[in-house]
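Enquirer: Next up, structure-v5.cif (mmCIF, C-alpha atoms).
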```
data_coords
loop_
_atom_site.label_atom_id
_atom_site.label_comp_id
_atom_site.auth_asym_id
_atom_site.auth_seq_id
_atom_site.Cartn_x
_atom_site.Cartn_y
_atom_site.Cartn_z
CA MET E 633 -13.62 -27.90 -0.72
CA SER E 634 -11.83 -28.40 2.63
CA ALA E 635 -12.62 -26.36 5.75
CA GLY E 636 -9.33 -24.43 5.38
CA GLU E 637 -10.14 -23.56 1.78
CA LYS E 638 -13.61 -22.34 2.81
CA TYR E 639 -12.18 -20.00 5.46
CA VAL E 640 -9.51 -18.61 3.09
CA ALA E 641 -12.17 -18.06 0.40
CA ALA E 642 -14.40 -16.32 2.98
CA ALA E 643 -11.61 -13.96 4.16
CA TYR E 644 -10.61 -12.96 0.62
CA GLY E 645 -14.27 -12.85 -0.42
CA VAL E 646 -15.12 -10.38 2.36
CA PHE E 647 -12.39 -8.05 1.11
CA LEU E 648 -13.50 -8.41 -2.52
CA VAL E 649 -17.13 -7.70 -1.59
CA PHE E 650 -16.00 -4.64 0.35
CA VAL E 651 -14.16 -3.25 -2.70
CA LEU E 652 -17.17 -3.92 -4.94
CA VAL E 653 -19.62 -2.30 -2.49
CA TRP E 654 -17.30 0.70 -2.17
CA ALA E 655 -17.14 1.03 -5.98
CA ALA E 656 -20.96 0.83 -6.16
CA ILE E 657 -21.32 3.54 -3.49
CA ILE E 658 -18.85 5.80 -5.32
CA ALA E 659 -20.68 5.21 -8.63
CA THR E 660 -23.99 6.17 -6.98
CA LYS E 661 -22.43 9.27 -5.48
CA LEU E 662 -20.88 10.25 -8.81
CA SER E 663 -24.24 10.01 -10.57
CA ARG E 664 -25.84 12.16 -7.84
CA LEU E 665 -23.08 14.75 -8.18
CA GLU E 666 -23.52 14.74 -11.95
CA ARG E 667 -27.29 15.31 -11.57
CA GLU E 668 -26.82 18.12 -9.03
CA THR E 669 -24.13 19.80 -11.15
CA GLY E 670 -26.50 19.64 -14.14
CA GLU E 671 -29.29 21.25 -12.10
CA LEU E 672 -27.00 24.05 -10.94
CA ALA E 673 -25.72 24.62 -14.49
CA ARG E 674 -29.35 24.91 -15.73
CA LEU E 675 -30.11 27.32 -12.89
CA ALA E 676 -27.04 29.43 -13.74
CA ARG E 677 -27.94 29.49 -17.44
CA ALA E 678 -31.54 30.51 -16.64
CA ARG E 679 -30.26 33.29 -14.39
CA THR E 680 -27.86 34.54 -17.08
CA SER E 681 -30.70 34.58 -19.65
CA ALA E 682 -32.96 36.48 -17.23
CA ASP E 683 -30.20 39.04 -16.52
CA GLN E 684 -29.66 39.57 -20.26
CA GLY E 685 -33.44 39.94 -20.73
CA ASP E 686 -33.56 42.62 -18.00
CA GLY E 687 -30.55 44.42 -19.49
CA MET R 130 11.66 22.02 -7.44
CA SER R 131 8.04 20.98 -7.23
CA ILE R 132 6.96 17.37 -6.84
CA THR R 133 3.92 16.52 -8.94
CA ARG R 134 1.37 14.21 -7.34
CA PRO R 135 0.59 11.10 -9.40
CA SER R 136 -2.88 11.07 -10.91
CA LEU R 137 -5.60 9.11 -9.14
CA SER R 138 -6.24 6.89 -12.15
CA ALA R 139 -2.52 5.95 -12.40
CA LEU R 140 -2.47 5.11 -8.69
CA ALA R 141 -5.66 3.06 -8.99
CA ALA R 142 -4.21 1.08 -11.93
CA PHE R 143 -1.00 0.46 -9.96
CA ALA R 144 -3.02 -0.66 -6.91
CA VAL R 145 -4.96 -3.18 -9.02
CA ALA R 146 -1.70 -4.52 -10.54
CA LEU R 147 -0.15 -4.83 -7.08
CA ALA R 148 -3.26 -6.58 -5.74
CA ALA R 149 -3.13 -9.10 -8.60
CA ALA R 150 0.60 -9.68 -7.96
CA SER R 151 -0.02 -10.15 -4.25
CA VAL R 152 -2.73 -12.80 -4.88
CA LEU R 153 -0.38 -14.65 -7.24
CA MET R 154 2.49 -14.50 -4.73
CA THR R 155 0.26 -15.56 -1.83
CA PHE R 156 -1.18 -18.63 -3.53
CA PHE R 157 1.57 -19.67 -5.98
CA VAL R 158 4.90 -18.47 -4.53
CA ALA R 159 4.64 -18.41 -0.73
CA PRO R 160 4.77 -21.93 0.72
CA GLU R 161 1.98 -23.37 2.83
CA ASP R 162 2.56 -22.97 6.57
CA ALA R 163 3.65 -26.22 8.23
CA ASP R 164 1.64 -25.52 11.39
CA GLN R 165 -1.61 -23.88 10.21
CA GLY R 166 -1.79 -25.19 6.66
CA LEU R 167 -3.84 -23.32 4.06
CA SER R 168 -5.70 -21.12 6.59
CA GLN R 169 -2.42 -19.24 7.23
CA LYS R 170 -2.99 -17.58 3.81
CA ILE R 171 -5.50 -15.34 5.61
CA PHE R 172 -2.45 -13.71 7.24
CA TYR R 173 -1.60 -12.05 3.88
CA VAL R 174 -4.89 -10.16 3.81
CA HIS R 175 -5.71 -9.77 7.54
CA VAL R 176 -2.43 -8.22 8.77
CA PRO R 177 -2.06 -5.69 5.89
CA ILE R 178 -5.68 -4.60 6.45
CA ALA R 179 -4.99 -4.11 10.17
CA LEU R 180 -1.80 -2.13 9.47
CA THR R 181 -3.70 -0.02 6.93
CA ALA R 182 -6.39 0.70 9.54
CA TYR R 183 -3.67 1.95 11.93
CA ALA R 184 -2.19 4.09 9.12
CA CYS R 185 -5.60 5.62 8.31
CA PHE R 186 -6.26 6.44 11.98
CA GLY R 187 -2.75 7.92 12.16
CA LEU R 188 -3.41 10.00 9.04
CA GLY R 189 -6.69 11.23 10.54
CA ALA R 190 -4.88 12.21 13.74
CA TRP R 191 -2.08 13.95 11.81
CA LYS R 192 -4.62 16.01 9.85
CA ALA R 193 -6.40 16.78 13.13
CA LEU R 194 -3.14 18.06 14.60
CA ARG R 195 -2.59 20.21 11.49
CA LEU R 196 -6.10 21.62 11.96
CA LEU R 197 -5.44 22.54 15.58
CA LEU R 198 -2.06 24.11 14.73
CA THR R 199 -3.00 26.03 11.59
CA ARG R 200 -6.82 26.38 11.81
CA GLY R 201 -6.92 25.31 8.17
CA GLU R 202 -10.52 24.28 7.39
CA ARG R 203 -9.45 21.75 4.74
CA TYR R 204 -7.82 19.56 7.41
CA ASP R 205 -11.19 18.89 9.05
CA LEU R 206 -12.49 17.08 5.98
CA GLU R 207 -9.14 15.30 5.51
CA SER R 208 -9.07 14.13 9.14
CA TYR R 209 -12.69 12.97 8.95
CA THR R 210 -12.03 11.05 5.70
CA GLY R 211 -8.91 9.40 7.18
CA ILE R 212 -10.83 8.24 10.24
CA HIS R 213 -13.73 7.06 8.09
CA GLN R 214 -11.32 4.93 6.04
CA GLY R 215 -9.67 3.67 9.24
CA THR R 216 -13.02 2.60 10.66
CA ILE R 217 -13.91 0.71 7.47
CA PHE R 218 -10.54 -1.08 7.47
CA GLY R 219 -10.92 -1.66 11.21
CA ALA R 220 -14.24 -3.43 10.60
CA LEU R 221 -12.55 -5.53 7.89
CA THR R 222 -9.74 -6.37 10.33
CA LEU R 223 -12.26 -7.68 12.86
CA VAL R 224 -14.15 -9.71 10.25
CA THR R 225 -11.08 -11.29 8.58
CA GLY R 226 -9.52 -11.84 12.03
CA SER R 227 -12.64 -13.65 13.22
CA ILE R 228 -12.56 -15.91 10.16
CA TRP R 229 -8.88 -16.68 10.79
CA ALA R 230 -9.57 -17.31 14.49
CA LYS R 231 -12.33 -19.78 13.63
CA ALA R 232 -10.04 -21.56 11.16
CA SER R 233 -7.04 -21.70 13.55
CA TRP R 234 -8.46 -21.73 17.08
CA GLY R 235 -11.98 -23.04 16.45
CA VAL R 236 -13.66 -19.91 17.88
CA TRP R 237 -14.86 -16.70 16.19
CA TRP R 238 -13.70 -14.51 19.06
CA THR R 239 -11.85 -14.82 22.37
CA TRP R 240 -11.77 -12.27 25.18
CA SER R 241 -8.52 -13.75 26.53
CA SER R 242 -6.39 -12.14 23.80
CA ASN R 243 -5.37 -8.57 24.69
CA GLN R 244 -4.55 -7.85 21.05
CA LEU R 245 -8.12 -8.59 19.94
CA VAL R 246 -9.78 -6.73 22.80
CA LEU R 247 -7.55 -3.66 22.43
CA PHE R 248 -8.20 -3.51 18.69
CA LEU R 249 -11.93 -3.72 19.40
CA VAL R 250 -11.58 -0.84 21.91
CA LEU R 251 -9.70 1.21 19.29
CA PHE R 252 -12.38 0.45 16.70
CA LEU R 253 -15.25 1.36 19.04
CA PHE R 254 -13.44 4.54 20.10
CA TYR R 255 -13.34 5.69 16.48
CA CYS R 256 -16.95 4.59 15.91
CA ALA R 257 -17.87 7.00 18.72
CA TYR R 258 -16.00 9.74 16.80
CA PHE R 259 -18.86 9.81 14.27
CA MET R 260 -21.51 10.04 16.99
CA LEU R 261 -19.64 12.97 18.54
CA ARG R 262 -19.03 14.69 15.21
CA PHE R 263 -22.63 14.50 14.01
CA SER R 264 -24.08 15.57 17.35
CA ILE R 265 -22.47 19.02 16.96
CA GLU R 266 -23.56 21.74 14.52
CA PRO R 267 -21.11 22.19 11.61
CA GLY R 268 -18.61 24.96 12.24
CA PRO R 269 -15.29 25.74 13.94
CA GLN R 270 -16.40 24.23 17.27
CA ARG R 271 -17.19 20.87 15.68
CA GLU R 272 -13.90 20.95 13.78
CA ARG R 273 -11.87 21.54 16.96
CA ILE R 274 -13.71 19.02 19.15
CA SER R 275 -13.49 16.34 16.43
CA ALA R 276 -9.78 17.05 16.00
CA VAL R 277 -9.06 16.74 19.73
CA TYR R 278 -10.99 13.44 19.87
CA ALA R 279 -9.11 12.10 16.83
CA LEU R 280 -5.81 12.97 18.51
CA PHE R 281 -6.76 11.18 21.73
CA GLY R 282 -7.53 8.04 19.74
CA VAL R 283 -4.10 7.90 18.18
CA ALA R 284 -2.63 7.12 21.61
CA LEU R 285 -4.47 3.77 21.49
CA ILE R 286 -2.67 2.73 18.29
CA PRO R 287 0.75 1.89 19.81
CA VAL R 288 -0.98 0.30 22.81
CA SER R 289 -2.99 -1.93 20.48
CA PHE R 290 0.02 -2.67 18.26
CA PHE R 291 2.41 -3.55 21.08
CA ALA R 292 -0.16 -5.30 23.29
CA ILE R 293 0.74 -8.59 21.68
CA ARG R 294 4.33 -8.16 22.85
CA LEU R 295 3.45 -6.88 26.32
CA ALA R 296 0.93 -9.61 27.14
CA SER R 297 2.09 -12.94 28.48
CA ASP R 298 -1.15 -14.93 28.26
CA PHE R 299 -2.01 -14.49 24.61
CA ILE R 300 -2.84 -16.94 21.88
CA HIS R 301 -2.56 -14.43 19.02
CA PRO R 302 0.56 -15.33 16.97
CA THR R 303 3.63 -13.05 16.95
CA VAL R 304 5.18 -12.92 13.49
CA PHE R 305 7.42 -9.86 13.78
CA THR R 306 9.91 -10.13 16.64
CA ARG R 307 13.20 -8.41 17.51
CA ASP R 308 14.94 -11.06 15.39
CA GLY R 309 12.96 -10.02 12.32
CA PRO R 310 9.99 -11.60 10.55
CA GLN R 311 9.44 -15.23 11.55
CA MET R 312 8.74 -16.48 8.02
CA THR R 313 10.54 -17.51 4.87
CA GLY R 314 11.79 -14.98 2.31
CA SER R 315 9.02 -15.75 -0.18
CA MET R 316 6.38 -15.47 2.55
CA PHE R 317 7.78 -12.10 3.56
CA ALA R 318 7.86 -10.93 -0.09
CA ALA R 319 4.20 -11.97 -0.52
CA PHE R 320 3.29 -10.18 2.70
CA CYS R 321 5.08 -6.96 1.65
CA THR R 322 3.40 -7.00 -1.78
CA SER R 323 0.01 -7.50 -0.18
CA TRP R 324 0.67 -4.75 2.35
CA ALA R 325 1.76 -2.32 -0.42
CA ALA R 326 -1.34 -3.20 -2.50
CA ILE R 327 -3.81 -2.69 0.35
CA THR R 328 -2.13 0.51 1.56
CA LEU R 329 -2.16 1.94 -1.97
CA LEU R 330 -5.79 0.87 -2.43
CA ALA R 331 -6.69 2.63 0.83
CA TYR R 332 -4.89 5.77 -0.34
CA VAL R 333 -6.78 5.72 -3.67
CA MET R 334 -10.04 5.30 -1.72
CA TYR R 335 -9.05 8.15 0.61
CA ARG R 336 -8.38 10.54 -2.26
CA THR R 337 -11.54 9.50 -4.12
CA GLU R 338 -13.72 9.90 -1.04
CA LEU R 339 -12.09 13.24 -0.24
CA ALA R 340 -12.68 14.49 -3.80
CA GLY R 341 -16.35 13.50 -3.50
CA LYS R 342 -16.76 15.24 -0.15
CA ARG R 343 -15.03 18.40 -1.42
CA THR R 344 -17.27 18.44 -4.49
CA ASP R 345 -20.28 18.10 -2.18
CA VAL R 346 -19.13 21.14 -0.18
CA ASN R 347 -18.44 23.16 -3.36
CA LEU R 348 -21.86 22.29 -4.77
CA ARG R 349 -23.56 23.34 -1.54
CA ASP R 350 -21.75 26.68 -1.62
CA LEU R 351 -22.64 27.14 -5.29
CA ARG R 352 -26.28 26.32 -4.60
CA GLU R 353 -26.39 28.89 -1.80
CA ALA R 354 -24.74 31.52 -4.04
CA LEU R 355 -27.22 30.90 -6.87
CA ALA R 356 -30.19 31.00 -4.48
CA ARG R 357 -29.37 34.60 -3.48
#
```
Would you mind writing the file out in C-alpha coordinates?

Expert:
Amino acid sequence: MSAGEKYVAAAYGVFLVFVLVWAAIIATKLSRLERETGELARLARARTSADQGDG
Amino acid sequence: MSITRPSLSALAAFAVALAAASVLMTFFVAPEDADQGLSQKIFYVHVPIALTAYACFGLGAWKALRLLLTRGERYDLESYTGIHQGTIFGALTLVTGSIWAKASWGVWWTWSSNQLVLFLVLFLFYCAYFMLRFSIEPGPQRERISAVYALFGVALIPVSFFAIRLASDFIHPTVFTRDGPQMTGSMFAAFCTSWAAITLLAYVMYRTELAGKRTDVNLRDLREALAR
(Lines of atoms letter the chains of each structure in order from A and count residues from 1; the text may use other names and numbers.)
(Lines give C-alpha, C1' and ligand atoms only; values in the text may rest on other atoms or scores of the structure.)
Protein backbone atom coordinates (compact mmCIF):
# COMPACT_ATOMS: atom_id res chain seq x y z
CA MET A 1 0.00 0.00 0.00
CA SER A 2 1.47 3.39 -1.02
CA ALA A 3 1.60 6.40 1.31
CA GLY A 4 -1.20 8.11 -0.66
CA GLU A 5 -3.42 5.05 -0.35
CA LYS A 6 -2.77 4.91 3.41
CA TYR A 7 -3.83 8.54 3.89
CA VAL A 8 -6.98 8.13 1.76
CA ALA A 9 -7.89 4.95 3.68
CA ALA A 10 -7.31 6.81 6.98
CA ALA A 11 -9.54 9.77 5.99
CA TYR A 12 -12.41 7.55 4.82
CA GLY A 13 -11.82 5.20 7.76
CA VAL A 14 -12.18 8.05 10.27
CA PHE A 15 -15.57 8.92 8.78
CA LEU A 16 -16.70 5.28 8.75
CA VAL A 17 -15.64 4.81 12.38
CA PHE A 18 -17.53 7.98 13.31
CA VAL A 19 -20.75 6.64 11.72
CA LEU A 20 -20.33 3.28 13.47
CA VAL A 21 -19.65 4.90 16.86
CA TRP A 22 -22.67 7.16 16.39
CA ALA A 23 -24.86 4.13 15.56
CA ALA A 24 -23.56 2.34 18.68
CA ILE A 25 -24.32 5.38 20.87
CA ILE A 26 -27.84 5.64 19.43
CA ALA A 27 -28.40 1.90 19.97
CA THR A 28 -27.29 2.25 23.62
CA LYS A 29 -29.57 5.23 24.09
CA LEU A 30 -32.50 3.40 22.49
CA SER A 31 -32.09 0.45 24.85
CA ARG A 32 -31.97 2.83 27.84
CA LEU A 33 -35.12 4.59 26.65
CA GLU A 34 -36.82 1.22 26.18
CA ARG A 35 -35.88 0.19 29.74
CA GLU A 36 -37.05 3.49 31.24
CA THR A 37 -40.32 3.39 29.28
CA GLY A 38 -40.90 -0.15 30.55
CA GLU A 39 -40.30 0.97 34.15
CA LEU A 40 -42.74 3.86 33.79
CA ALA A 41 -45.36 1.59 32.18
CA ARG A 42 -45.03 -0.84 35.13
CA LEU A 43 -45.33 2.07 37.56
CA ALA A 44 -48.45 3.35 35.75
CA ARG A 45 -50.03 -0.12 35.73
CA ALA A 46 -49.29 -0.58 39.45
CA ARG A 47 -50.85 2.81 40.19
CA THR A 48 -53.96 1.96 38.13
CA SER A 49 -54.34 -1.35 40.00
CA ALA A 50 -53.95 0.41 43.36
CA ASP A 51 -56.57 3.03 42.38
CA GLN A 52 -59.00 0.29 41.35
CA GLY A 53 -58.32 -1.54 44.64
CA ASP A 54 -59.11 1.63 46.62
CA GLY A 55 -62.27 2.25 44.58
CA MET B 1 -51.86 22.05 0.67
CA SER B 2 -49.75 20.38 3.31
CA ILE B 3 -46.29 19.01 2.60
CA THR B 4 -45.65 15.69 4.32
CA ARG B 5 -42.17 15.19 5.75
CA PRO B 6 -40.41 12.05 4.48
CA SER B 7 -40.01 9.34 7.09
CA LEU B 8 -36.68 9.03 8.87
CA SER B 9 -36.15 5.46 7.69
CA ALA B 10 -36.71 6.46 4.02
CA LEU B 11 -34.23 9.32 4.40
CA ALA B 12 -31.69 7.04 6.08
CA ALA B 13 -32.00 4.48 3.25
CA PHE B 14 -31.57 7.24 0.66
CA ALA B 15 -28.51 8.59 2.52
CA VAL B 16 -26.88 5.14 2.52
CA ALA B 17 -27.60 4.74 -1.24
CA LEU B 18 -26.15 8.19 -1.94
CA ALA B 19 -23.07 7.43 0.18
CA ALA B 20 -22.48 4.20 -1.76
CA ALA B 21 -22.90 6.08 -5.07
CA SER B 22 -20.49 8.78 -3.94
CA VAL B 23 -17.79 6.22 -3.03
CA LEU B 24 -18.21 4.56 -6.44
CA MET B 25 -18.02 7.90 -8.25
CA THR B 26 -15.02 9.06 -6.22
CA PHE B 27 -12.91 5.98 -6.82
CA PHE B 28 -14.16 4.69 -10.20
CA VAL B 29 -15.49 7.69 -12.14
CA ALA B 30 -13.59 10.81 -11.05
CA PRO B 31 -10.07 10.86 -12.52
CA GLU B 32 -6.97 11.00 -10.35
CA ASP B 33 -5.64 14.52 -9.82
CA ALA B 34 -2.55 15.25 -11.93
CA ASP B 35 -0.92 17.32 -9.18
CA GLN B 36 -1.78 15.56 -5.90
CA GLY B 37 -2.40 12.04 -7.15
CA LEU B 38 -4.52 9.65 -5.09
CA SER B 39 -4.46 11.77 -1.90
CA GLN B 40 -6.73 14.31 -3.67
CA LYS B 41 -9.57 11.78 -3.15
CA ILE B 42 -9.69 13.03 0.45
CA PHE B 43 -11.19 16.23 -1.01
CA TYR B 44 -14.46 14.32 -1.69
CA VAL B 45 -14.95 13.56 1.99
CA HIS B 46 -13.18 16.50 3.69
CA VAL B 47 -14.89 19.43 1.91
CA PRO B 48 -18.47 18.03 2.16
CA ILE B 49 -17.91 17.38 5.89
CA ALA B 50 -16.70 20.98 6.36
CA LEU B 51 -19.68 22.39 4.42
CA THR B 52 -22.02 20.19 6.48
CA ALA B 53 -20.45 21.54 9.69
CA TYR B 54 -21.16 25.10 8.50
CA ALA B 55 -24.76 24.08 7.63
CA CYS B 56 -25.29 22.53 11.08
CA PHE B 57 -23.94 25.63 12.85
CA GLY B 58 -26.18 27.74 10.60
CA LEU B 59 -29.18 25.56 11.46
CA GLY B 60 -28.38 25.89 15.17
CA ALA B 61 -28.19 29.68 14.80
CA TRP B 62 -31.45 29.81 12.81
CA LYS B 63 -33.26 27.83 15.52
CA ALA B 64 -31.70 30.12 18.14
CA LEU B 65 -33.07 33.15 16.28
CA ARG B 66 -36.51 31.50 16.15
CA LEU B 67 -36.29 30.94 19.91
CA LEU B 68 -35.47 34.58 20.59
CA LEU B 69 -38.24 35.80 18.27
CA THR B 70 -41.04 33.43 19.28
CA ARG B 71 -39.97 32.16 22.75
CA GLY B 72 -40.87 28.68 21.52
CA GLU B 73 -39.25 26.18 23.92
CA ARG B 74 -38.85 23.52 21.23
CA TYR B 75 -36.29 25.68 19.39
CA ASP B 76 -33.85 25.44 22.31
CA LEU B 77 -33.48 21.69 21.87
CA GLU B 78 -33.36 22.06 18.07
CA SER B 79 -30.65 24.74 18.26
CA TYR B 80 -28.63 22.68 20.75
CA THR B 81 -28.89 19.56 18.56
CA GLY B 82 -27.84 21.51 15.44
CA ILE B 83 -24.77 22.90 17.21
CA HIS B 84 -23.94 19.48 18.64
CA GLN B 85 -24.00 18.01 15.12
CA GLY B 86 -21.94 20.95 13.83
CA THR B 87 -19.29 20.40 16.49
CA ILE B 88 -19.04 16.69 15.64
CA PHE B 89 -18.69 17.46 11.92
CA GLY B 90 -16.26 20.25 12.80
CA ALA B 91 -14.05 17.76 14.65
CA LEU B 92 -14.23 15.45 11.62
CA THR B 93 -13.25 18.37 9.36
CA LEU B 94 -10.15 19.00 11.46
CA VAL B 95 -9.17 15.32 11.52
CA THR B 96 -9.70 14.64 7.78
CA GLY B 97 -8.07 18.00 6.96
CA SER B 98 -5.01 17.09 9.02
CA ILE B 99 -4.71 13.76 7.20
CA TRP B 100 -4.97 15.53 3.84
CA ALA B 101 -2.42 18.16 4.96
CA LYS B 102 0.05 15.43 5.94
CA ALA B 103 -0.46 13.69 2.59
CA SER B 104 -0.14 16.89 0.51
CA TRP B 105 2.08 19.26 2.48
CA GLY B 106 3.96 16.82 4.72
CA VAL B 107 2.67 18.42 7.95
CA TRP B 108 -0.37 17.61 10.12
CA TRP B 109 -1.10 21.27 10.81
CA THR B 110 0.17 24.71 9.82
CA TRP B 111 -0.54 28.00 11.59
CA SER B 112 0.27 29.96 8.42
CA SER B 113 -3.06 29.10 6.76
CA ASN B 114 -5.84 31.51 7.78
CA GLN B 115 -8.48 29.03 6.62
CA LEU B 116 -7.27 26.37 9.07
CA VAL B 117 -6.83 28.74 11.99
CA LEU B 118 -10.22 30.40 11.47
CA PHE B 119 -11.96 27.04 11.26
CA LEU B 120 -10.24 26.03 14.50
CA VAL B 121 -11.45 29.28 16.12
CA LEU B 122 -15.01 28.56 14.91
CA PHE B 123 -14.80 25.01 16.26
CA LEU B 124 -13.46 26.11 19.66
CA PHE B 125 -16.09 28.85 19.86
CA TYR B 126 -18.84 26.24 19.52
CA CYS B 127 -17.06 23.89 21.95
CA ALA B 128 -17.33 26.71 24.50
CA TYR B 129 -21.10 26.81 23.78
CA PHE B 130 -21.47 23.52 25.69
CA MET B 131 -19.46 24.81 28.66
CA LEU B 132 -21.68 27.90 28.79
CA ARG B 133 -24.90 25.93 28.36
CA PHE B 134 -24.18 23.38 31.06
CA SER B 135 -22.93 25.97 33.55
CA ILE B 136 -26.44 27.49 33.73
CA GLU B 137 -29.48 25.93 35.41
CA PRO B 138 -32.07 24.65 32.89
CA GLY B 139 -34.81 27.17 32.21
CA PRO B 140 -35.67 30.24 30.14
CA GLN B 141 -32.45 32.07 31.10
CA ARG B 142 -30.27 29.24 29.83
CA GLU B 143 -32.33 29.02 26.64
CA ARG B 144 -31.90 32.74 25.90
CA ILE B 145 -28.19 32.96 26.76
CA SER B 146 -27.43 29.82 24.69
CA ALA B 147 -29.42 31.24 21.77
CA VAL B 148 -27.56 34.57 21.84
CA TYR B 149 -24.20 32.75 21.95
CA ALA B 150 -25.22 30.50 19.04
CA LEU B 151 -26.17 33.58 17.01
CA PHE B 152 -22.82 35.28 17.68
CA GLY B 153 -21.01 32.20 16.41
CA VAL B 154 -22.77 32.25 13.07
CA ALA B 155 -20.93 35.48 12.22
CA LEU B 156 -17.70 33.45 12.16
CA ILE B 157 -19.00 31.14 9.43
CA PRO B 158 -18.68 33.54 6.45
CA VAL B 159 -15.36 34.81 7.84
CA SER B 160 -14.06 31.24 7.97
CA PHE B 161 -15.51 30.36 4.57
CA PHE B 162 -14.18 33.41 2.74
CA ALA B 163 -10.85 33.61 4.59
CA ILE B 164 -9.27 31.48 1.91
CA ARG B 165 -10.21 34.10 -0.69
CA LEU B 166 -9.26 37.11 1.44
CA ALA B 167 -5.83 35.81 2.47
CA SER B 168 -2.85 36.26 0.20
CA ASP B 169 -0.31 34.05 1.96
CA PHE B 170 -2.18 30.78 2.10
CA ILE B 171 -1.27 27.28 1.04
CA HIS B 172 -4.79 25.86 1.36
CA PRO B 173 -6.08 25.10 -2.19
CA THR B 174 -8.93 27.15 -3.73
CA VAL B 175 -11.23 24.92 -5.75
CA PHE B 176 -14.28 27.14 -6.14
CA THR B 177 -13.47 30.49 -7.75
CA ARG B 178 -15.50 33.17 -9.54
CA ASP B 179 -14.96 31.19 -12.75
CA GLY B 180 -16.66 28.14 -11.26
CA PRO B 181 -15.29 24.89 -9.87
CA GLN B 182 -11.68 24.24 -10.91
CA MET B 183 -12.18 20.54 -11.69
CA THR B 184 -13.47 18.27 -14.41
CA GLY B 185 -17.19 17.51 -14.84
CA SER B 186 -16.89 14.00 -13.40
CA MET B 187 -14.92 15.31 -10.41
CA PHE B 188 -17.60 17.91 -9.78
CA ALA B 189 -20.37 15.27 -10.10
CA ALA B 190 -18.55 13.04 -7.57
CA PHE B 191 -18.13 15.99 -5.23
CA CYS B 192 -21.83 16.97 -5.46
CA THR B 193 -22.94 13.37 -4.81
CA SER B 194 -20.65 13.15 -1.80
CA TRP B 195 -21.85 16.50 -0.50
CA ALA B 196 -25.52 15.46 -0.89
CA ALA B 197 -24.83 12.12 0.86
CA ILE B 198 -23.05 13.68 3.85
CA THR B 199 -25.59 16.50 4.20
CA LEU B 200 -28.47 14.01 4.13
CA LEU B 201 -26.66 11.75 6.60
CA ALA B 202 -26.19 14.74 8.93
CA TYR B 203 -29.89 15.58 8.63
CA VAL B 204 -30.87 11.99 9.48
CA MET B 205 -28.52 12.13 12.48
CA TYR B 206 -30.00 15.49 13.52
CA ARG B 207 -33.56 14.18 13.44
CA THR B 208 -32.61 10.94 15.23
CA GLU B 209 -30.72 12.78 17.96
CA LEU B 210 -33.55 15.29 18.33
CA ALA B 211 -36.13 12.47 18.64
CA GLY B 212 -33.98 10.87 21.35
CA LYS B 213 -33.62 14.12 23.28
CA ARG B 214 -37.36 14.87 23.02
CA THR B 215 -38.17 11.36 24.26
CA ASP B 216 -35.79 11.96 27.19
CA VAL B 217 -37.65 15.17 28.09
CA ASN B 218 -41.06 13.48 27.76
CA LEU B 219 -39.94 10.57 29.94
CA ARG B 220 -38.66 12.95 32.61
CA ASP B 221 -41.99 14.79 32.63
CA LEU B 222 -43.87 11.49 32.79
CA ARG B 223 -41.70 10.28 35.66
CA GLU B 224 -42.36 13.48 37.59
CA ALA B 225 -46.12 13.20 36.94
CA LEU B 226 -46.21 9.58 38.13
CA ALA B 227 -44.16 10.39 41.23
CA ARG B 228 -46.84 12.82 42.47

Enquirer: Residues of chain E near chain R: apply a cut-off of 8 Å, count only C-alpha atoms, and supply the list as an NGL selection string.

Expert: :E and (635-637 or 639-640 or 642-644 or 646-647 or 658 or 661-662 or 665 or 668-669 or 672 or 675-676)

Enquirer: In terms of the shortest atom-to-atom distance over only C-alpha atoms, which of R:Ile327, R:Val333, R:Val283, R:Leu251 is closest to R:Val176?

Expert: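 Counting only C-alpha atoms, the residue closest to R:Val176 is R:Ile327.
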
Enquirer: Evaluated on this file, the PyMOL selection byres ((chain R and resi 247) around 9) picks out some residues - which ones are they, written as JSON, numbers by chain?

Expert: {"R": [242, 243, 244, 245, 246, 248, 249, 250, 251, 252, 285, 288, 289, 290, 292]}

Enquirer: Would you mind reading off the distance between atom CA of R:Arg134 and atom CA of R:Tyr209, one decimal, in Å?

Expert: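 Spanning atom CA of R:Arg134 to atom CA of R:Tyr209 is a straight-line distance of 21.6 Å.
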
Enquirer: Please evaluate the PyMOL selection byres ((chain R and resi 256-258) around 9) against the structure above and give the resulting residues as a list in words.

Expert: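 Applied to this file, the PyMOL selection byres ((chain R and resi 256-258) around 9) returns Ile212, His213, Thr216, Leu251, Phe252, Leu253, Phe254, Tyr255, Phe259, Met260, Leu261, Arg262, Phe263, Ser275, Tyr278 and Ala279 of chain R.
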
Enquirer: Leaving out R:Leu196 and any residue of its chain fewer than 4 positions from it, which residues lie within 12 Å of it when counting all atoms listed in the file, given as a PDB file with C-alpha atoms, in the coordinates of the input?

Expert:
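So the final result, stored in out04.pdb, reads:
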```pdb
ATOM      1  CA  GLY R 189      -6.690  11.230  10.540  1.00  0.00           C
ATOM      2  CA  ALA R 190      -4.880  12.210  13.740  1.00  0.00           C
ATOM      3  CA  TRP R 191      -2.080  13.950  11.810  1.00  0.00           C
ATOM      4  CA  LYS R 192      -4.620  16.010   9.850  1.00  0.00           C
ATOM      5  CA  ARG R 200      -6.820  26.380  11.810  1.00  0.00           C
ATOM      6  CA  GLY R 201      -6.920  25.310   8.170  1.00  0.00           C
ATOM      7  CA  GLU R 202     -10.520  24.280   7.390  1.00  0.00           C
ATOM      8  CA  ARG R 203      -9.450  21.750   4.740  1.00  0.00           C
ATOM      9  CA  TYR R 204      -7.820  19.560   7.410  1.00  0.00           C
ATOM     10  CA  ASP R 205     -11.190  18.890   9.050  1.00  0.00           C
ATOM     11  CA  LEU R 206     -12.490  17.080   5.980  1.00  0.00           C
ATOM     12  CA  GLU R 207      -9.140  15.300   5.510  1.00  0.00           C
ATOM     13  CA  SER R 208      -9.070  14.130   9.140  1.00  0.00           C
ATOM     14  CA  TYR R 209     -12.690  12.970   8.950  1.00  0.00           C
ATOM     15  CA  PRO R 269     -15.290  25.740  13.940  1.00  0.00           C
ATOM     16  CA  GLN R 270     -16.400  24.230  17.270  1.00  0.00           C
ATOM     17  CA  ARG R 271     -17.190  20.870  15.680  1.00  0.00           C
ATOM     18  CA  GLU R 272     -13.900  20.950  13.780  1.00  0.00           C
ATOM     19  CA  ARG R 273     -11.870  21.540  16.960  1.00  0.00           C
ATOM     20  CA  ILE R 274     -13.710  19.020  19.150  1.00  0.00           C
ATOM     21  CA  SER R 275     -13.490  16.340  16.430  1.00  0.00           C
ATOM     22  CA  ALA R 276      -9.780  17.050  16.000  1.00  0.00           C
ATOM     23  CA  VAL R 277      -9.060  16.740  19.730  1.00  0.00           C
ATOM     24  CA  ALA R 279      -9.110  12.100  16.830  1.00  0.00           C
ATOM     25  CA  LEU R 280      -5.810  12.970  18.510  1.00  0.00           C
TER      26      LEU R 280
END
```

Enquirer: Which residue out of R:Thr199, R:Ser315, R:Thr322, R:Ser241 has the minimum interatomic distance to R:Phe143 when all atoms listed in the file are used?

Expert: R:Thr322

Enquirer: What's the separation between atom CA of R:Arg336 and atom CA of R:Phe186, in Å to one decimal place?

Expert: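 According to the coordinates, atom CA of R:Arg336 and atom CA of R:Phe186 are separated by 15.0 Å.
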